[in-house]
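A.B. asks: Pasting a structure here, questions to come.
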Amino acid sequence: MLLVSHSTSGGAQEIWANLAEGLRARGHQVMLAALYPGDSPAQELAPTAAWTYAVPERPASLGAKLAMVRDLARLFDGFEADIVFTALPAANVLAPVAATLARRRVRVVTSHHSPSETYNRVLNLVDGLTGSLSSVAHIVGVSEAVRRTHQGKPAAYRGKLTTIKNALPPDVEARIARLAKARLGRRTGRQVVAIGRLAEQKNYPVLIRAAVHMPDVVVRIVGDGSEGPALKALAAELGVTDRVQFLGFHPRTETLEILAGGDVFVQPSLFEGHSLALIEAAKLGMPLVVSDAQVQIEGVTAPDGALCGVVVGLHDDRSLAREILRLLDNPVHYAAAVSQATALGAAATYDAMITSYEQLMG
């Protein structure tokens, strides 16, 4: 079973849907599950029919949350689960408890897709306890930087930590390869693309402020979220609404088309895990500009230690604008950045990711 907290669009849900597909292709019986449905079925990354839910709606009361643990244990029994891979804090915490309540032996592998300090403090503390339970066999971090943030937890927890980096499934890689081929020989324009929820984590205000210093550059942001009204108000306040486009949520295939139409990929996030959007942009051969958060630096570092992207300060809008303009204005620098990104993208292999998770199954 591949379990997440909820099924709303997000990186963890996307990776779990891809992993489910890959494990099925290798002959495993797989259930893609969530504790409860997401807020917007239209934004689910897997078809609604693909999800199985422990409960029909997000529980509000303590009693309902406790009942959800019982129902999750019943789901384990009903599916006859041997191993449950979990992603997102609530699923990580509840699955080990449900596994101890299940009538059959269930091994749990939890996973972290963002640094520990980004979690609710109480939930992070509880994760240290539940992750130490004997029902938890392994704990995955999707990057070395993410894994290291969980090293402060109990010894029984630390001994289970491992790293498995994200990758893209073959159908997405094939689509990207076609789009990358179409980009060859294309005249460079002046379009910047960013992808991700309109949430505080993505740090979009610095990109909007950078637009002030790039009067002939169009910034396109793909995603939806609670910060939308505030970000649009900031763009209006700074007088850049004609050059900062909020495109809203798009399915993955459409998002890739938009990404491939851009010239530079920018990800100014406060934190990430191992961003799929970054991998997609790298495989397209797009120059990469990211924030100097440690996880982001690792994200643009090749296995041989080479830096394959431009790194700028988290809140330095002038430096962000300067680096983007340097790429767009200097063909030699741009070509070098394309080569670096392409090399980085080639290092992320799907078969290696699937094999690594399969090996944890024993």
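Simple scheme: letters A, B, ... for chains in structure tokens order, numbers from 1 for residues in each chain, numbers from 1 for ligands in the order shown.
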Would you pick out the contacts of A:Thr149 at 7 Å or less, using only C-alpha atoms, so that residues sharing its chain but fewer than 3 positions from it are not included, and give the list as JSON, numbers by chain?

C.D. replies: {"A": [115, 116, 145, 146]}

A.B. asks: For A:Glu323, find every residue with an atom within 12 Å (counting only C-alpha atoms), except residues of its own chain fewer than 3 positions away, and show them as a PDB file with N, CA, C and O atoms, in the first residue's frame.

C.D. replies:
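This is the output file result.pdb:
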ATOM      1  N   VAL A 192      10.146  33.640 -18.012  1.00  0.00           N
ATOM      2  CA  VAL A 192      10.525  32.886 -16.818  1.00  0.00           C
ATOM      3  C   VAL A 192       9.320  32.086 -16.349  1.00  0.00           C
ATOM      4  O   VAL A 192       8.196  32.591 -16.338  1.00  0.00           O
ATOM      5  N   LEU A 207      10.120  36.698  -6.299  1.00  0.00           N
ATOM      6  CA  LEU A 207      10.081  36.637  -7.760  1.00  0.00           C
ATOM      7  C   LEU A 207       9.266  37.793  -8.332  1.00  0.00           C
ATOM      8  O   LEU A 207       9.643  38.383  -9.356  1.00  0.00           O
ATOM      9  N   ALA A 210      11.357  40.784  -8.083  1.00  0.00           N
ATOM     10  CA  ALA A 210      12.409  40.741  -9.104  1.00  0.00           C
ATOM     11  C   ALA A 210      11.890  41.225 -10.443  1.00  0.00           C
ATOM     12  O   ALA A 210      12.633  41.807 -11.242  1.00  0.00           O
ATOM     13  N   HIS A 213      12.619  44.715 -11.655  1.00  0.00           N
ATOM     14  CA  HIS A 213      13.944  44.998 -12.211  1.00  0.00           C
ATOM     15  C   HIS A 213      14.166  44.340 -13.573  1.00  0.00           C
ATOM     16  O   HIS A 213      15.265  44.407 -14.118  1.00  0.00           O
ATOM     17  N   MET A 214      13.106  43.693 -14.113  1.00  0.00           N
ATOM     18  CA  MET A 214      13.203  43.024 -15.410  1.00  0.00           C
ATOM     19  C   MET A 214      12.056  43.497 -16.302  1.00  0.00           C
ATOM     20  O   MET A 214      11.102  42.762 -16.554  1.00  0.00           O
ATOM     21  N   VAL A 264      13.686  30.242 -18.790  1.00  0.00           N
ATOM     22  CA  VAL A 264      14.432  30.022 -17.538  1.00  0.00           C
ATOM     23  C   VAL A 264      13.451  29.489 -16.504  1.00  0.00           C
ATOM     24  O   VAL A 264      12.321  29.992 -16.396  1.00  0.00           O
ATOM     25  N   PHE A 265      13.869  28.477 -15.741  1.00  0.00           N
ATOM     26  CA  PHE A 265      13.065  27.951 -14.642  1.00  0.00           C
ATOM     27  C   PHE A 265      13.561  28.567 -13.341  1.00  0.00           C
ATOM     28  O   PHE A 265      14.765  28.531 -13.052  1.00  0.00           O
ATOM     29  N   VAL A 266      12.642  29.104 -12.561  1.00  0.00           N
ATOM     30  CA  VAL A 266      13.006  29.736 -11.289  1.00  0.00           C
ATOM     31  C   VAL A 266      12.231  29.072 -10.158  1.00  0.00           C
ATOM     32  O   VAL A 266      11.011  28.887 -10.245  1.00  0.00           O
ATOM     33  N   PRO A 287      17.775  26.420 -18.137  1.00  0.00           N
ATOM     34  CA  PRO A 287      18.614  26.969 -17.066  1.00  0.00           C
ATOM     35  C   PRO A 287      17.831  27.044 -15.764  1.00  0.00           C
ATOM     36  O   PRO A 287      16.636  27.405 -15.763  1.00  0.00           O
ATOM     37  N   LEU A 288      18.488  26.708 -14.658  1.00  0.00           N
ATOM     38  CA  LEU A 288      17.838  26.609 -13.357  1.00  0.00           C
ATOM     39  C   LEU A 288      18.336  27.705 -12.434  1.00  0.00           C
ATOM     40  O   LEU A 288      19.545  27.876 -12.257  1.00  0.00           O
ATOM     41  N   VAL A 289      17.407  28.427 -11.821  1.00  0.00           N
ATOM     42  CA  VAL A 289      17.747  29.439 -10.830  1.00  0.00           C
ATOM     43  C   VAL A 289      16.965  29.111  -9.565  1.00  0.00           C
ATOM     44  O   VAL A 289      15.733  29.061  -9.585  1.00  0.00           O
ATOM     45  N   VAL A 290      17.670  28.872  -8.461  1.00  0.00           N
ATOM     46  CA  VAL A 290      17.021  28.454  -7.220  1.00  0.00           C
ATOM     47  C   VAL A 290      17.519  29.288  -6.046  1.00  0.00           C
ATOM     48  O   VAL A 290      18.539  29.972  -6.136  1.00  0.00           O
ATOM     49  N   SER A 291      16.798  29.177  -4.936  1.00  0.00           N
ATOM     50  CA  SER A 291      17.195  29.861  -3.705  1.00  0.00           C
ATOM     51  C   SER A 291      18.355  29.137  -3.049  1.00  0.00           C
ATOM     52  O   SER A 291      18.671  27.988  -3.378  1.00  0.00           O
ATOM     53  N   GLY A 309      23.204  24.737 -11.467  1.00  0.00           N
ATOM     54  CA  GLY A 309      22.202  25.787 -11.496  1.00  0.00           C
ATOM     55  C   GLY A 309      22.745  27.034 -10.833  1.00  0.00           C
ATOM     56  O   GLY A 309      23.819  27.016 -10.222  1.00  0.00           O
ATOM     57  N   VAL A 310      21.994  28.109 -10.949  1.00  0.00           N
ATOM     58  CA  VAL A 310      22.364  29.384 -10.325  1.00  0.00           C
ATOM     59  C   VAL A 310      21.662  29.477  -8.979  1.00  0.00           C
ATOM     60  O   VAL A 310      20.459  29.217  -8.870  1.00  0.00           O
ATOM     61  N   VAL A 311      22.400  29.845  -7.952  1.00  0.00           N
ATOM     62  CA  VAL A 311      21.868  29.932  -6.586  1.00  0.00           C
ATOM     63  C   VAL A 311      21.878  31.392  -6.142  1.00  0.00           C
ATOM     64  O   VAL A 311      22.903  32.073  -6.256  1.00  0.00           O
ATOM     65  N   VAL A 312      20.727  31.877  -5.639  1.00  0.00           N
ATOM     66  CA  VAL A 312      20.627  33.262  -5.175  1.00  0.00           C
ATOM     67  C   VAL A 312      20.016  33.293  -3.774  1.00  0.00           C
ATOM     68  O   VAL A 312      19.387  32.327  -3.335  1.00  0.00           O
ATOM     69  N   GLY A 313      20.203  34.411  -3.077  1.00  0.00           N
ATOM     70  CA  GLY A 313      19.683  34.565  -1.724  1.00  0.00           C
ATOM     71  C   GLY A 313      18.167  34.464  -1.672  1.00  0.00           C
ATOM     72  O   GLY A 313      17.470  34.890  -2.595  1.00  0.00           O
ATOM     73  N   ASP A 316      16.656  38.033  -1.901  1.00  0.00           N
ATOM     74  CA  ASP A 316      17.412  39.023  -2.668  1.00  0.00           C
ATOM     75  C   ASP A 316      16.824  39.169  -4.071  1.00  0.00           C
ATOM     76  O   ASP A 316      17.278  38.543  -5.023  1.00  0.00           O
ATOM     77  N   ASP A 317      15.808  40.012  -4.197  1.00  0.00           N
ATOM     78  CA  ASP A 317      15.128  40.157  -5.483  1.00  0.00           C
ATOM     79  C   ASP A 317      16.031  40.783  -6.547  1.00  0.00           C
ATOM     80  O   ASP A 317      15.941  40.436  -7.734  1.00  0.00           O
ATOM     81  N   ARG A 318      16.934  41.660  -6.151  1.00  0.00           N
ATOM     82  CA  ARG A 318      17.824  42.291  -7.136  1.00  0.00           C
ATOM     83  C   ARG A 318      18.806  41.273  -7.708  1.00  0.00           C
ATOM     84  O   ARG A 318      19.060  41.258  -8.924  1.00  0.00           O
ATOM     85  N   SER A 319      19.347  40.416  -6.847  1.00  0.00           N
ATOM     86  CA  SER A 319      20.264  39.385  -7.342  1.00  0.00           C
ATOM     87  C   SER A 319      19.522  38.384  -8.223  1.00  0.00           C
ATOM     88  O   SER A 319      20.060  37.917  -9.238  1.00  0.00           O
ATOM     89  N   LEU A 320      18.293  38.055  -7.839  1.00  0.00           N
ATOM     90  CA  LEU A 320      17.496  37.143  -8.642  1.00  0.00           C
ATOM     91  C   LEU A 320      17.280  37.718 -10.036  1.00  0.00           C
ATOM     92  O   LEU A 320      17.489  37.029 -11.049  1.00  0.00           O
ATOM     93  N   ARG A 326      21.196  37.966 -16.729  1.00  0.00           N
ATOM     94  CA  ARG A 326      22.509  37.519 -17.214  1.00  0.00           C
ATOM     95  C   ARG A 326      22.349  36.296 -18.117  1.00  0.00           C
ATOM     96  O   ARG A 326      23.021  36.169 -19.146  1.00  0.00           O
ATOM     97  N   LEU A 327      21.458  35.394 -17.741  1.00  0.00           N
ATOM     98  CA  LEU A 327      21.200  34.223 -18.567  1.00  0.00           C
ATOM     99  C   LEU A 327      20.574  34.622 -19.903  1.00  0.00           C
ATOM    100  O   LEU A 327      20.982  34.155 -20.967  1.00  0.00           O
ATOM    101  N   LEU A 328      19.578  35.494 -19.848  1.00  0.00           N
ATOM    102  CA  LEU A 328      18.835  35.855 -21.050  1.00  0.00           C
ATOM    103  C   LEU A 328      19.637  36.761 -21.983  1.00  0.00           C
ATOM    104  O   LEU A 328      19.407  36.752 -23.200  1.00  0.00           O
ATOM    105  N   ASP A 329      20.563  37.524 -21.431  1.00  0.00           N
ATOM    106  CA  ASP A 329      21.313  38.494 -22.234  1.00  0.00           C
ATOM    107  C   ASP A 329      22.637  37.964 -22.762  1.00  0.00           C
ATOM    108  O   ASP A 329      23.254  38.589 -23.628  1.00  0.00           O
ATOM    109  N   ASN A 330      23.092  36.829 -22.234  1.00  0.00           N
ATOM    110  CA  ASN A 330      24.410  36.302 -22.601  1.00  0.00           C
ATOM    111  C   ASN A 330      24.257  34.909 -23.201  1.00  0.00           C
ATOM    112  O   ASN A 330      24.135  33.916 -22.472  1.00  0.00           O
ATOM    113  N   HIS A 333      26.645  32.188 -21.774  1.00  0.00           N
ATOM    114  CA  HIS A 333      26.289  31.808 -20.414  1.00  0.00           C
ATOM    115  C   HIS A 333      25.024  30.953 -20.427  1.00  0.00           C
ATOM    116  O   HIS A 333      24.920  29.957 -19.699  1.00  0.00           O
ATOM    117  N   TYR A 334      24.073  31.323 -21.271  1.00  0.00           N
ATOM    118  CA  TYR A 334      22.818  30.576 -21.381  1.00  0.00           C
ATOM    119  C   TYR A 334      23.094  29.155 -21.860  1.00  0.00           C
ATOM    120  O   TYR A 334      22.580  28.180 -21.297  1.00  0.00           O
ATOM    121  N   ALA A 337      24.514  27.019 -19.160  1.00  0.00           N
ATOM    122  CA  ALA A 337      23.495  26.667 -18.169  1.00  0.00           C
ATOM    123  C   ALA A 337      22.586  25.554 -18.680  1.00  0.00           C
ATOM    124  O   ALA A 337      22.166  24.681 -17.910  1.00  0.00           O
TER     125      ALA A 337
END

A.B. asks: Enter the distance from atom CA of A:Glu144 to atom CA of A:Cys308, in Å, rounded to one decimal.

C.D. replies: 17.1 Å

A.B. asks: Set the distance at 8 Å and use only C-alpha atoms: which residues neighbour A:Val97 once local chain neighbours fewer than 4 positions away are removed? I'd like the list as number ranges by chain.

C.D. replies: A: 69, 93, 101, 130

A.B. asks: Please write the residues from the selection above to a file, keeping N, CA and C atoms, as a JSON list (two decimals), in the first residue's frame.

C.D. replies:
[["chain", "number", "residue", "atom", "x", "y", "z"],
["A", 69, "VAL", "N", -7.88, 6.01, 12.83],
["A", 69, "VAL", "CA", -6.78, 5.06, 13.05],
["A", 69, "VAL", "C", -7.33, 3.64, 13.02],
["A", 93, "VAL", "N", 2.62, 9.42, 10.86],
["A", 93, "VAL", "CA", 2.39, 9.22, 12.30],
["A", 93, "VAL", "C", 1.34, 8.15, 12.57],
["A", 101, "LEU", "N", -2.25, -2.14, 15.48],
["A", 101, "LEU", "CA", -3.62, -2.55, 15.76],
["A", 101, "LEU", "C", -4.15, -3.58, 14.77],
["A", 130, "THR", "N", 6.52, 7.62, 17.02],
["A", 130, "THR", "CA", 5.90, 6.56, 16.22],
["A", 130, "THR", "C", 6.89, 5.94, 15.24]]

A.B. asks: Would you please extract all strand (DSSP E) residues from stretch 13-244 of chain A, as assigned by DSSP on the backbone, and give them as a PyMOL selection string?

C.D. replies: chain A and resi 32-36+51-53+83-87+107-112+136-141+161-163+191-195+218-222+244

A.B. asks: Mind the document's chain letters and residue numbers, and return as JSON, numbers by chain the residues of stretch 153-254 of chain A that DSSP labels alpha helix (DSSP H).

C.D. replies: {"A": [155, 156, 157, 158, 170, 171, 172, 173, 174, 175, 176, 177, 178, 179, 180, 181, 182, 183, 204, 205, 206, 207, 208, 209, 210, 211, 212, 228, 229, 230, 231, 232, 233, 234, 235, 236, 237, 252, 253, 254]}

A.B. asks: For A:His112, which residue out of A:Gly248, A:Gly189, A:Gly11, A:Gly196 is the nearest one, using only C-alpha atoms?

C.D. replies: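 Selected residue with least distance to A:His112: A:Gly11.
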
A.B. asks: Neighbouring residues of A:Asn203 were defined as those with any atom within 10 Å, considering only C-alpha atoms; residues of the same chain fewer than 4 positions away were excluded. Please report them as a VMD selection string.

C.D. replies: chain A and resid 198 to 199 207 to 208 267 to 271 291 314 to 315

A.B. asks: Which residue out of A:Gly228, A:Gly262, A:Pro37, A:Pro96 has the minimum interatomic distance to A:Tyr53 when only C-alpha atoms are used?

C.D. replies: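 Closest to A:Tyr53 of all the choices is A:Pro37.
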
A.B. asks: Neighbours of A:Asp71 within 12 Å (only C-alpha atoms; same-chain residues fewer than 4 positions away dropped), as number ranges by chain?

C.D. replies: A: 34-36, 53-56, 59, 64-67, 75-78, 94-95, 97-99, 101-102

A.B. asks: Between atom CA of A:Glu200 and atom CA of A:Lys165, what is the spacing in Å?

C.D. replies: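 Value for the atom CA of A:Lys165-atom CA of A:Glu200 distance: 23.9 Å.
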
A.B. asks: Which residue out of A:Leu259, A:Leu3, A:Val193, A:Ile279 has the minimum interatomic distance to A:Ile324 when only C-alpha atoms are used?

C.D. replies: A:Val193
